[in-house]
file input19.pdb (PDB, C-alpha atoms)
MODEL        1
ATOM      1  CA  MET A   1     -29.785 126.117 -28.355
ATOM      2  CA  LYS A   2     -32.589 123.945 -27.099
ATOM      3  CA  LYS A   3     -32.848 122.232 -30.481
ATOM      4  CA  LEU A   4     -29.119 121.523 -30.470
ATOM      5  CA  PHE A   5     -29.303 120.119 -26.985
ATOM      6  CA  PHE A   6     -32.279 117.944 -27.957
ATOM      7  CA  ALA A   7     -30.469 116.651 -31.038
ATOM      8  CA  LEU A   8     -27.365 115.773 -29.045
ATOM      9  CA  SER A   9     -29.475 113.977 -26.443
ATOM     10  CA  LEU A  10     -31.242 112.005 -29.174
ATOM     11  CA  VAL A  11     -27.961 111.020 -30.808
ATOM     12  CA  GLY A  12     -26.564 109.974 -27.390
ATOM     13  CA  MET A  13     -29.577 107.834 -26.657
ATOM     14  CA  LEU A  14     -29.328 106.177 -30.075
ATOM     15  CA  MET A  15     -25.611 105.489 -29.621
ATOM     16  CA  THR A  16     -26.223 104.100 -26.114
ATOM     17  CA  GLN A  17     -28.922 101.730 -27.397
ATOM     18  CA  THR A  18     -26.743 100.706 -30.316
ATOM     19  CA  LEU A  19     -23.759 100.071 -28.064
ATOM     20  CA  SER A  20     -25.948  98.098 -25.629
ATOM     21  CA  PHE A  21     -27.410  96.057 -28.465
ATOM     22  CA  ALA A  22     -23.957  95.361 -29.909
ATOM     23  CA  THR A  23     -22.625  94.378 -26.517
ATOM     24  CA  THR A  24     -25.558  92.037 -25.965
ATOM     25  CA  ASN A  25     -25.080  90.449 -29.380
ATOM     26  CA  LEU A  26     -21.358  90.048 -28.739
ATOM     27  CA  LEU A  27     -21.988  88.361 -25.404
ATOM     28  CA  THR A  28     -24.572  86.094 -27.011
ATOM     29  CA  ILE A  29     -22.153  85.124 -29.763
ATOM     30  CA  GLN A  30     -19.373  84.445 -27.233
ATOM     31  CA  GLU A  31     -21.705  82.287 -25.112
ATOM     32  CA  ALA A  32     -22.798  80.369 -28.199
ATOM     33  CA  GLU A  33     -19.181  79.831 -29.207
ATOM     34  CA  GLN A  34     -18.325  78.652 -25.687
ATOM     35  CA  GLN A  35     -21.251  76.237 -25.738
ATOM     36  CA  GLU A  36     -20.174  74.923 -29.134
ATOM     37  CA  ASP A  37     -16.616  74.544 -27.863
ATOM     38  CA  ALA A  38     -17.897  72.683 -24.787
ATOM     39  CA  VAL A  39     -20.009  70.362 -26.945
ATOM     40  CA  VAL A  40     -17.031  69.667 -29.213
ATOM     41  CA  GLU A  41     -14.771  69.026 -26.230
ATOM     42  CA  ASP A  42     -17.341  66.653 -24.703
ATOM     43  CA  ALA A  43     -17.660  64.790 -27.978
ATOM     44  CA  MET A  44     -13.897  64.533 -28.329
ATOM     45  CA  ALA A  45     -13.611  63.359 -24.710
ATOM     46  CA  GLU A  46     -16.244  60.691 -25.301
ATOM     47  CA  GLU A  47     -14.486  59.492 -28.461
ATOM     48  CA  THR A  48     -11.177  59.419 -26.614
ATOM     49  CA  MET A  49     -12.698  57.427 -23.749
ATOM     50  CA  GLU A  50     -14.266  54.992 -26.211
ATOM     51  CA  GLU A  51     -10.905  54.485 -27.884
ATOM     52  CA  VAL A  52      -8.949  54.229 -24.649
ATOM     53  CA  ALA A  53     -11.427  51.985 -22.760
ATOM     54  CA  PRO A  54     -10.687  48.759 -24.731
ATOM     55  CA  VAL A  55      -6.971  49.356 -24.396
ATOM     56  CA  VAL A  56      -7.281  49.924 -20.663
ATOM     57  CA  GLU A  57      -9.463  46.830 -20.276
ATOM     58  CA  GLU A  58      -6.996  44.750 -22.309
ATOM     59  CA  GLU A  59      -4.067  45.996 -20.241
ATOM     60  CA  ALA A  60      -5.997  45.281 -17.031
ATOM     61  CA  SER A  61      -6.780  41.737 -18.171
ATOM     62  CA  VAL A  62      -3.151  41.175 -19.119
ATOM     63  CA  MET A  63      -2.032  42.428 -15.718
ATOM     64  CA  GLU A  64      -4.545  40.157 -13.997
ATOM     65  CA  GLU A  65      -3.332  37.170 -16.003
ATOM     66  CA  GLU A  66       0.257  37.978 -15.159
ATOM     67  CA  ALA A  67      -0.581  38.539 -11.525
ATOM     68  CA  ALA A  68      -2.594  35.284 -11.274
ATOM     69  CA  PRO A  69      -0.452  32.393  -9.984
ATOM     70  CA  VAL A  70       0.226  29.601 -12.466
ATOM     71  CA  GLU A  71      -1.120  26.340 -11.091
ATOM     72  CA  ALA A  72       1.339  23.486 -11.529
ATOM     73  CA  SER A  73       0.092  20.084 -12.628
ATOM     74  CA  PHE A  74       0.072  17.121 -10.265
ATOM     75  CA  THR A  75       3.093  15.551 -11.967
ATOM     76  CA  GLN A  76       5.118  18.763 -11.790
ATOM     77  CA  GLU A  77       4.218  19.293  -8.152
ATOM     78  CA  LEU A  78       5.109  15.687  -7.316
ATOM     79  CA  LYS A  79       8.447  15.996  -9.100
ATOM     80  CA  LYS A  80       9.173  19.265  -7.308
ATOM     81  CA  ARG A  81       8.423  17.806  -3.882
ATOM     82  CA  PHE A  82      10.438  14.688  -4.657
ATOM     83  CA  ILE A  83      13.501  16.787  -5.528
ATOM     84  CA  GLU A  84      13.045  18.950  -2.444
ATOM     85  CA  GLY A  85      12.923  15.839  -0.267
ATOM     86  CA  GLY A  86      16.433  14.862  -1.315
ATOM     87  CA  PRO A  87      17.590  12.042  -3.595
ATOM     88  CA  GLY A  88      18.867   9.863  -0.738
ATOM     89  CA  PHE A  89      15.873   8.622   1.201
ATOM     90  CA  MET A  90      13.371   9.620  -1.465
ATOM     91  CA  GLY A  91      15.144   7.379  -3.988
ATOM     92  CA  ILE A  92      15.040   4.418  -1.581
ATOM     93  CA  VAL A  93      11.349   4.978  -0.918
ATOM     94  CA  LEU A  94      10.725   5.110  -4.682
ATOM     95  CA  ILE A  95      12.562   1.807  -5.147
ATOM     96  CA  CYS A  96      10.318   0.243  -2.490
ATOM     97  CA  LEU A  97       7.267   1.452  -4.392
ATOM     98  CA  ILE A  98       8.496   0.141  -7.752
ATOM     99  CA  LEU A  99       9.471  -3.295  -6.434
ATOM    100  CA  GLY A 100       6.308  -3.624  -4.376
ATOM    101  CA  LEU A 101       4.091  -2.721  -7.328
ATOM    102  CA  ALA A 102       5.970  -5.112  -9.628
ATOM    103  CA  ILE A 103       5.441  -8.040  -7.253
ATOM    104  CA  ALA A 104       1.822  -7.058  -6.611
ATOM    105  CA  ILE A 105       0.977  -6.869 -10.313
ATOM    106  CA  GLU A 106       2.668 -10.224 -10.975
ATOM    107  CA  ARG A 107       0.695 -11.858  -8.142
ATOM    108  CA  ILE A 108      -2.604 -10.376  -9.308
ATOM    109  CA  ILE A 109      -2.077 -11.706 -12.839
ATOM    110  CA  TYR A 110      -1.085 -15.144 -11.517
ATOM    111  CA  LEU A 111      -4.059 -15.370  -9.165
ATOM    112  CA  ASN A 112      -6.530 -14.324 -11.855
ATOM    113  CA  LEU A 113      -5.158 -16.999 -14.169
ATOM    114  CA  ALA A 114      -5.340 -19.533 -11.321
ATOM    115  CA  THR A 115      -9.041 -18.881 -10.752
ATOM    116  CA  THR A 116     -11.206 -21.610 -12.318
ATOM    117  CA  ASN A 117     -14.803 -22.745 -12.165
ATOM    118  CA  SER A 118     -14.371 -25.581  -9.689
ATOM    119  CA  GLN A 119     -18.028 -26.651  -9.831
ATOM    120  CA  LYS A 120     -17.858 -27.118 -13.591
ATOM    121  CA  LEU A 121     -14.566 -29.005 -13.256
ATOM    122  CA  THR A 122     -15.978 -31.272 -10.542
ATOM    123  CA  ALA A 123     -19.015 -32.119 -12.665
ATOM    124  CA  GLY A 124     -16.757 -32.847 -15.659
ATOM    125  CA  VAL A 125     -14.509 -35.154 -13.602
ATOM    126  CA  GLU A 126     -17.512 -37.033 -12.253
ATOM    127  CA  GLU A 127     -18.909 -37.481 -15.746
ATOM    128  CA  ALA A 128     -15.490 -38.567 -17.111
ATOM    129  CA  LEU A 129     -15.123 -41.160 -14.332
ATOM    130  CA  SER A 130     -18.543 -42.581 -15.119
ATOM    131  CA  SER A 131     -17.982 -42.752 -18.866
ATOM    132  CA  GLY A 132     -14.246 -43.259 -19.426
ATOM    133  CA  GLY A 133     -12.736 -44.135 -16.071
ATOM    134  CA  VAL A 134      -9.783 -42.588 -14.242
ATOM    135  CA  GLU A 135      -7.706 -41.971 -17.350
ATOM    136  CA  ALA A 136     -10.439 -39.885 -18.970
ATOM    137  CA  ALA A 137     -10.777 -37.848 -15.776
ATOM    138  CA  LYS A 138      -6.987 -37.349 -15.601
ATOM    139  CA  GLU A 139      -6.952 -36.182 -19.219
ATOM    140  CA  LEU A 140      -9.621 -33.617 -18.423
ATOM    141  CA  CYS A 141      -7.612 -32.313 -15.447
ATOM    142  CA  ARG A 142      -4.434 -32.229 -17.520
ATOM    143  CA  ASN A 143      -6.084 -29.961 -20.087
ATOM    144  CA  THR A 144      -7.485 -27.591 -17.447
ATOM    145  CA  LYS A 145      -5.416 -24.784 -15.919
ATOM    146  CA  GLY A 146      -5.396 -23.816 -12.253
ATOM    147  CA  PRO A 147      -4.463 -25.299  -8.875
ATOM    148  CA  VAL A 148      -7.788 -27.128  -8.473
ATOM    149  CA  ALA A 149      -7.200 -29.143 -11.646
ATOM    150  CA  SER A 150      -3.638 -29.952 -10.502
ATOM    151  CA  ILE A 151      -4.916 -31.218  -7.140
ATOM    152  CA  PHE A 152      -7.576 -33.326  -8.879
ATOM    153  CA  TYR A 153      -4.919 -34.852 -11.124
ATOM    154  CA  GLN A 154      -2.746 -35.866  -8.161
ATOM    155  CA  GLY A 155      -5.716 -37.399  -6.359
ATOM    156  CA  LEU A 156      -6.854 -39.310  -9.421
ATOM    157  CA  ASP A 157      -3.292 -40.512 -10.001
ATOM    158  CA  ARG A 158      -3.424 -42.240  -6.579
ATOM    159  CA  ALA A 159      -6.980 -43.438  -6.926
ATOM    160  CA  ASP A 160      -5.902 -46.986  -7.838
ATOM    161  CA  GLU A 161      -4.061 -47.262  -4.501
ATOM    162  CA  GLY A 162      -7.203 -46.513  -2.526
ATOM    163  CA  VAL A 163      -9.240 -43.588  -1.326
ATOM    164  CA  GLU A 164      -6.900 -42.921   1.622
ATOM    165  CA  SER A 165      -3.876 -42.615  -0.673
ATOM    166  CA  ALA A 166      -5.801 -40.277  -2.964
ATOM    167  CA  GLU A 167      -6.836 -38.169   0.043
ATOM    168  CA  LYS A 168      -3.250 -37.892   1.287
ATOM    169  CA  ALA A 169      -2.073 -36.889  -2.186
ATOM    170  CA  VAL A 170      -4.777 -34.218  -2.398
ATOM    171  CA  VAL A 171      -3.845 -32.775   1.014
ATOM    172  CA  ALA A 172      -0.095 -32.784   0.301
ATOM    173  CA  TYR A 173      -0.380 -31.255  -3.142
ATOM    174  CA  GLY A 174      -2.889 -28.736  -1.823
ATOM    175  CA  GLY A 175      -0.177 -27.425   0.501
ATOM    176  CA  VAL A 176       2.200 -27.133  -2.458
ATOM    177  CA  GLN A 177      -0.356 -25.151  -4.457
ATOM    178  CA  MET A 178      -1.021 -22.886  -1.497
ATOM    179  CA  GLY A 179       2.677 -22.115  -1.315
ATOM    180  CA  GLN A 180       2.652 -21.231  -5.010
ATOM    181  CA  LEU A 181      -0.235 -18.849  -4.455
ATOM    182  CA  GLU A 182       1.511 -17.090  -1.557
ATOM    183  CA  LYS A 183       4.867 -16.838  -3.338
ATOM    184  CA  ASN A 184       6.631 -13.433  -2.926
ATOM    185  CA  VAL A 185       3.677 -11.967  -1.008
ATOM    186  CA  SER A 186       5.882 -11.541   2.070
ATOM    187  CA  TRP A 187       8.063  -9.107   0.085
ATOM    188  CA  ILE A 188       5.073  -6.796  -0.334
ATOM    189  CA  SER A 189       4.509  -6.757   3.419
ATOM    190  CA  LEU A 190       8.219  -5.984   3.863
ATOM    191  CA  PHE A 191       8.018  -2.949   1.582
ATOM    192  CA  ILE A 192       4.848  -1.813   3.361
ATOM    193  CA  ALA A 193       6.753  -1.754   6.658
ATOM    194  CA  LEU A 194      10.007  -0.449   5.182
ATOM    195  CA  ALA A 195       8.668   2.618   3.319
ATOM    196  CA  PRO A 196       7.298   4.539   6.344
ATOM    197  CA  MET A 197      10.316   3.515   8.424
ATOM    198  CA  LEU A 198      12.603   5.094   5.832
ATOM    199  CA  GLY A 199      10.387   8.162   5.856
ATOM    200  CA  PHE A 200      10.640   8.454   9.626
ATOM    201  CA  MET A 201      14.393   8.029   9.413
ATOM    202  CA  GLY A 202      14.529  10.906   6.936
ATOM    203  CA  THR A 203      12.459  12.948   9.399
ATOM    204  CA  VAL A 204      14.903  12.311  12.211
ATOM    205  CA  ILE A 205      17.912  13.138  10.034
ATOM    206  CA  GLY A 206      16.252  16.350   8.816
ATOM    207  CA  MET A 207      15.587  17.446  12.398
ATOM    208  CA  ILE A 208      19.182  16.701  13.357
ATOM    209  CA  GLN A 209      20.420  18.846  10.476
ATOM    210  CA  ALA A 210      18.104  21.669  11.550
ATOM    211  CA  PHE A 211      19.446  21.623  15.115
ATOM    212  CA  ASP A 212      23.014  21.488  13.824
ATOM    213  CA  LYS A 213      22.360  24.719  11.912
ATOM    214  CA  ILE A 214      20.898  26.337  15.008
ATOM    215  CA  GLU A 215      23.914  25.304  17.033
ATOM    216  CA  ALA A 216      26.332  26.615  14.417
ATOM    217  CA  ALA A 217      24.517  29.957  14.105
ATOM    218  CA  GLY A 218      23.990  30.380  17.828
ATOM    219  CA  ASP A 219      20.554  31.827  17.195
ATOM    220  CA  MET A 220      17.065  30.477  16.685
ATOM    221  CA  GLN A 221      15.972  31.716  13.271
ATOM    222  CA  PRO A 222      13.106  30.202  11.270
ATOM    223  CA  SER A 223      15.096  30.364   8.035
ATOM    224  CA  LEU A 224      17.757  28.077   9.519
ATOM    225  CA  VAL A 225      15.395  25.241  10.471
ATOM    226  CA  ALA A 226      12.788  25.580   7.700
ATOM    227  CA  GLY A 227      14.783  23.597   5.131
ATOM    228  CA  GLY A 228      15.552  20.672   7.448
ATOM    229  CA  ILE A 229      11.998  20.430   8.747
ATOM    230  CA  LYS A 230      10.631  20.576   5.186
ATOM    231  CA  VAL A 231      12.855  17.684   4.092
ATOM    232  CA  ALA A 232      11.821  15.741   7.183
ATOM    233  CA  LEU A 233       8.123  16.157   6.504
ATOM    234  CA  LEU A 234       8.427  15.333   2.795
ATOM    235  CA  THR A 235      10.218  12.036   3.428
ATOM    236  CA  THR A 236       7.564  11.063   5.963
ATOM    237  CA  VAL A 237       4.712  11.918   3.592
ATOM    238  CA  PHE A 238       6.175   9.953   0.679
ATOM    239  CA  GLY A 239       6.899   6.962   2.903
ATOM    240  CA  LEU A 240       3.301   6.897   4.125
ATOM    241  CA  ILE A 241       1.949   7.271   0.573
ATOM    242  CA  VAL A 242       3.993   4.275  -0.606
ATOM    243  CA  ALA A 243       2.836   2.189   2.350
ATOM    244  CA  ILE A 244      -0.830   3.068   1.711
ATOM    245  CA  ILE A 245      -0.632   2.156  -1.991
ATOM    246  CA  LEU A 246       1.068  -1.172  -1.356
ATOM    247  CA  GLN A 247      -1.298  -1.980   1.530
ATOM    248  CA  VAL A 248      -4.287  -1.767  -0.819
ATOM    249  CA  PHE A 249      -2.698  -4.213  -3.270
ATOM    250  CA  TYR A 250      -1.601  -6.507  -0.423
ATOM    251  CA  ASN A 251      -5.104  -6.761   1.027
ATOM    252  CA  TYR A 252      -6.558  -7.533  -2.402
ATOM    253  CA  ILE A 253      -3.982 -10.287  -2.982
ATOM    254  CA  ILE A 254      -4.597 -11.859   0.436
ATOM    255  CA  ALA A 255      -8.357 -11.846  -0.147
ATOM    256  CA  LYS A 256      -7.862 -13.443  -3.560
ATOM    257  CA  ILE A 257      -5.612 -16.162  -2.128
ATOM    258  CA  ASP A 258      -8.127 -16.965   0.627
ATOM    259  CA  SER A 259     -10.883 -17.273  -1.955
ATOM    260  CA  ILE A 260      -8.850 -19.678  -4.114
ATOM    261  CA  VAL A 261      -7.767 -21.745  -1.088
ATOM    262  CA  ASN A 262     -11.363 -22.120   0.100
ATOM    263  CA  ASP A 263     -12.349 -23.174  -3.397
ATOM    264  CA  MET A 264      -9.526 -25.723  -3.440
ATOM    265  CA  GLU A 265     -10.575 -27.226  -0.113
ATOM    266  CA  ASP A 266     -14.222 -27.486  -1.141
ATOM    267  CA  ALA A 267     -13.317 -29.036  -4.500
ATOM    268  CA  SER A 268     -10.957 -31.549  -2.798
ATOM    269  CA  ILE A 269     -13.736 -32.730  -0.493
ATOM    270  CA  ASN A 270     -16.047 -33.187  -3.473
ATOM    271  CA  LEU A 271     -13.370 -35.203  -5.307
ATOM    272  CA  ILE A 272     -12.931 -37.586  -2.378
ATOM    273  CA  ASP A 273     -16.687 -38.044  -2.168
ATOM    274  CA  ILE A 274     -16.779 -38.839  -5.892
ATOM    275  CA  LEU A 275     -13.976 -41.426  -5.526
ATOM    276  CA  VAL A 276     -15.742 -43.062  -2.577
ATOM    277  CA  ALA A 277     -18.943 -43.264  -4.604
ATOM    278  CA  GLN A 278     -17.044 -44.782  -7.549
ATOM    279  CA  LYS A 279     -15.492 -47.462  -5.302
ATOM    280  CA  LYS A 280     -18.876 -48.455  -4.021
TER     281      LYS A 280
ENDMDL
END

call {"tool": "encode", "arguments": {"input": "input19.pdb", "output": "structure tokens"}}
result
Amino acid sequence: MKKLFFALSLVGMLMTQTLSFATTNLLTIQEAEQQEDAVVEDAMAEETMEEVAPVVEEEASVMEEEAAPVEASFTQELKKRFIEGGPGFMGIVLICLILGLAIAIERIIYLNLATTNSQKLTAGVEEALSSGGVEAAKELCRNTKGPVASIFYQGLDRADEGVESAEKAVVAYGGVQMGQLEKNVSWISLFIALAPMLGFMGTVIGMIQAFDKIEAAGDMQPSLVAGGIKVALLTTVFGLIVAIILQVFYNYIIAKIDSIVNDMEDASINLIDILVAQKK
């Protein structure tokens, strides 16, 4: 009986150890499988993130580009503002700019062509008078462009009548040449004054329209007056811009005319001195 009991106890102990060992091995295998599954999942997640990241970045950049405001060029912005200002007064202001620039460019070309080296011309006339007489000096002036040469020609043409006659001819023809230099310049000053005045008139009309809308609606709403005030401000801005542009050209033209006139007066005095010296 004792032997049987001892055998059963031994078998039970062996079965318990075997079961414990099997359970431990099973748990170890399950943990290893779970770790392998976790590693595989992490690897797959990393691959997925690597594949998705460029797409997400590309989509984000596209969204940023679409969200970023498109900057209009200066010409497009100017055209837009011109249309918003209304074709009425804005068209008149544009006409003032075009006409003013046309006259200014014509005057600048004329004045540059009228500019001559008066000192060289005076020395040539003096040399021609000494070598070939009045006719040689007149021929030199006839072949030279500019108001100074024209004044010299008129003075030399009256040189036979005396120095006083030549001086009177120089003074009279100098006034004619000055008038030619200042031709159409007054129109530029007119456009300079007219452009901002038209702009201010557009401002006043825009404000009147805004108050008419307020009166008709019976309520003070920003949306009612925004359009009229915007038109008013745009016409004023464009009028001032036109006046500023034309003022720059006008000042340059006036300075150029003064320079040529001073040169004419100095050259005329030198011519009279040369004629007096020739008479003596």

call {"tool": "residues_around", "arguments": {"input": "input19.pdb", "residues": "region 155-157 of chain A", "least_positions_apart": "6", "cutoff": "6 Å", "atoms": "only C-alpha atoms", "output": "MDAnalysis selection string"}}
result
chainID A and resid 166 169:170

call {"tool": "atom_distance", "arguments": {"input": "input19.pdb", "atom1": "CA of Phe152 (chain A)", "atom2": "CA of Asn251 (chain A)"}}
result
28.5 Å

call {"tool": "resolve_selection", "arguments": {"input": "input19.pdb", "expression": "the PyMOL selection byres ((chain A and resi 190) around 12)", "output": "CSV table (one decimal) with C-alpha atoms, in the frame of the given file"}}
result
chain,number,residue,atom,x,y,z
A,96,CYS,CA,10.3,0.2,-2.5
A,97,LEU,CA,7.3,1.5,-4.4
A,99,LEU,CA,9.5,-3.3,-6.4
A,100,GLY,CA,6.3,-3.6,-4.4
A,103,ILE,CA,5.4,-8.0,-7.3
A,184,ASN,CA,6.6,-13.4,-2.9
A,185,VAL,CA,3.7,-12.0,-1.0
A,186,SER,CA,5.9,-11.5,2.1
A,187,TRP,CA,8.1,-9.1,0.1
A,188,ILE,CA,5.1,-6.8,-0.3
A,189,SER,CA,4.5,-6.8,3.4
A,191,PHE,CA,8.0,-2.9,1.6
A,192,ILE,CA,4.8,-1.8,3.4
A,193,ALA,CA,6.8,-1.8,6.7
A,194,LEU,CA,10.0,-0.4,5.2
A,195,ALA,CA,8.7,2.6,3.3
A,196,PRO,CA,7.3,4.5,6.3
A,197,MET,CA,10.3,3.5,8.4
A,242,VAL,CA,4.0,4.3,-0.6
A,243,ALA,CA,2.8,2.2,2.4
A,246,LEU,CA,1.1,-1.2,-1.4
A,247,GLN,CA,-1.3,-2.0,1.5
A,250,TYR,CA,-1.6,-6.5,-0.4

call {"tool": "resolve_selection", "arguments": {"input": "input19.pdb", "expression": "the PyMOL selection byres ((chain A and resi 126) around 12)", "output": "PyMOL selection string"}}
result
chain A and resi 119-125+127-134+136-138+140-141+152+156+267+270-278

call {"tool": "residues_around", "arguments": {"input": "input19.pdb", "residues": "Ile151 (chain A)", "least_positions_apart": "2", "cutoff": "7 Å", "atoms": "only C-alpha atoms", "output": "PyMOL selection string"}}
result
chain A and resi 147-149+153-155+170+173-174

call {"tool": "residues_around", "arguments": {"input": "input19.pdb", "residues": "Leu111 (chain A)", "least_positions_apart": "6", "cutoff": "12 Å", "atoms": "all atoms listed in the file", "output": "list in words"}}
result
Ala104, Ile105, Lys145, Gly146, Pro147, Gln177, Met178, Gln180, Leu181, Glu182, Lys183, Val185, Tyr252, Ile253, Ile254, Ala255, Lys256, Ile257, Asp258, Ser259, Ile260 and Val261 of chain A

call {"tool": "residues_around", "arguments": {"input": "input19.pdb", "residues": "Leu198 (chain A)", "least_positions_apart": "3", "cutoff": "12 Å", "atoms": "all atoms listed in the file", "output": "mmCIF file with C-alpha atoms, in the coordinates of the input"}}
result
data_model
loop_
_atom_site.group_PDB
_atom_site.id
_atom_site.type_symbol
_atom_site.label_atom_id
_atom_site.label_comp_id
_atom_site.auth_asym_id
_atom_site.auth_seq_id
_atom_site.Cartn_x
_atom_site.Cartn_y
_atom_site.Cartn_z
ATOM 1 C CA GLY A 88 18.867 9.863 -0.738
ATOM 2 C CA PHE A 89 15.873 8.622 1.201
ATOM 3 C CA MET A 90 13.371 9.620 -1.465
ATOM 4 C CA GLY A 91 15.144 7.379 -3.988
ATOM 5 C CA ILE A 92 15.040 4.418 -1.581
ATOM 6 C CA VAL A 93 11.349 4.978 -0.918
ATOM 7 C CA LEU A 94 10.725 5.110 -4.682
ATOM 8 C CA ILE A 95 12.562 1.807 -5.147
ATOM 9 C CA CYS A 96 10.318 0.243 -2.490
ATOM 10 C CA PHE A 191 8.018 -2.949 1.582
ATOM 11 C CA ILE A 192 4.848 -1.813 3.361
ATOM 12 C CA ALA A 193 6.753 -1.754 6.658
ATOM 13 C CA LEU A 194 10.007 -0.449 5.182
ATOM 14 C CA ALA A 195 8.668 2.618 3.319
ATOM 15 C CA MET A 201 14.393 8.029 9.413
ATOM 16 C CA GLY A 202 14.529 10.906 6.936
ATOM 17 C CA THR A 203 12.459 12.948 9.399
ATOM 18 C CA VAL A 204 14.903 12.311 12.211
ATOM 19 C CA ILE A 205 17.912 13.138 10.034
ATOM 20 C CA ALA A 232 11.821 15.741 7.183
ATOM 21 C CA LEU A 233 8.123 16.157 6.504
ATOM 22 C CA LEU A 234 8.427 15.333 2.795
ATOM 23 C CA THR A 235 10.218 12.036 3.428
ATOM 24 C CA THR A 236 7.564 11.063 5.963
ATOM 25 C CA VAL A 237 4.712 11.918 3.592
ATOM 26 C CA PHE A 238 6.175 9.953 0.679
ATOM 27 C CA GLY A 239 6.899 6.962 2.903
ATOM 28 C CA LEU A 240 3.301 6.897 4.125
ATOM 29 C CA VAL A 242 3.993 4.275 -0.606
ATOM 30 C CA ALA A 243 2.836 2.189 2.350
#

call {"tool": "closest_residue", "arguments": {"input": "input19.pdb", "among": "A:Ile208, A:Glu215, A:Asn117, A:Asn112", "to": "Thr144 (chain A)", "atoms": "all atoms listed in the file"}}
result
A:Asn117

call {"tool": "atom_distance", "arguments": {"input": "input19.pdb", "atom1": "CA of Ile241 (chain A)", "atom2": "CA of Leu113 (chain A)"}}
result
29.3 Å

call {"tool": "atom_distance", "arguments": {"input": "input19.pdb", "atom1": "CA of Val171 (chain A)", "atom2": "CA of Ala159 (chain A)"}}
result
13.7 Å

call {"tool": "axis_aligned_box", "arguments": {"input": "input19.pdb", "around": "region 163-180 of chain A", "padding_each_side": "3 Å", "output": "AutoDock Vina command-line options"}}
result
--center_x -3.3 --center_y -32.4 --center_z -1.7 --size_x 17.9 --size_y 28.4 --size_z 12.6
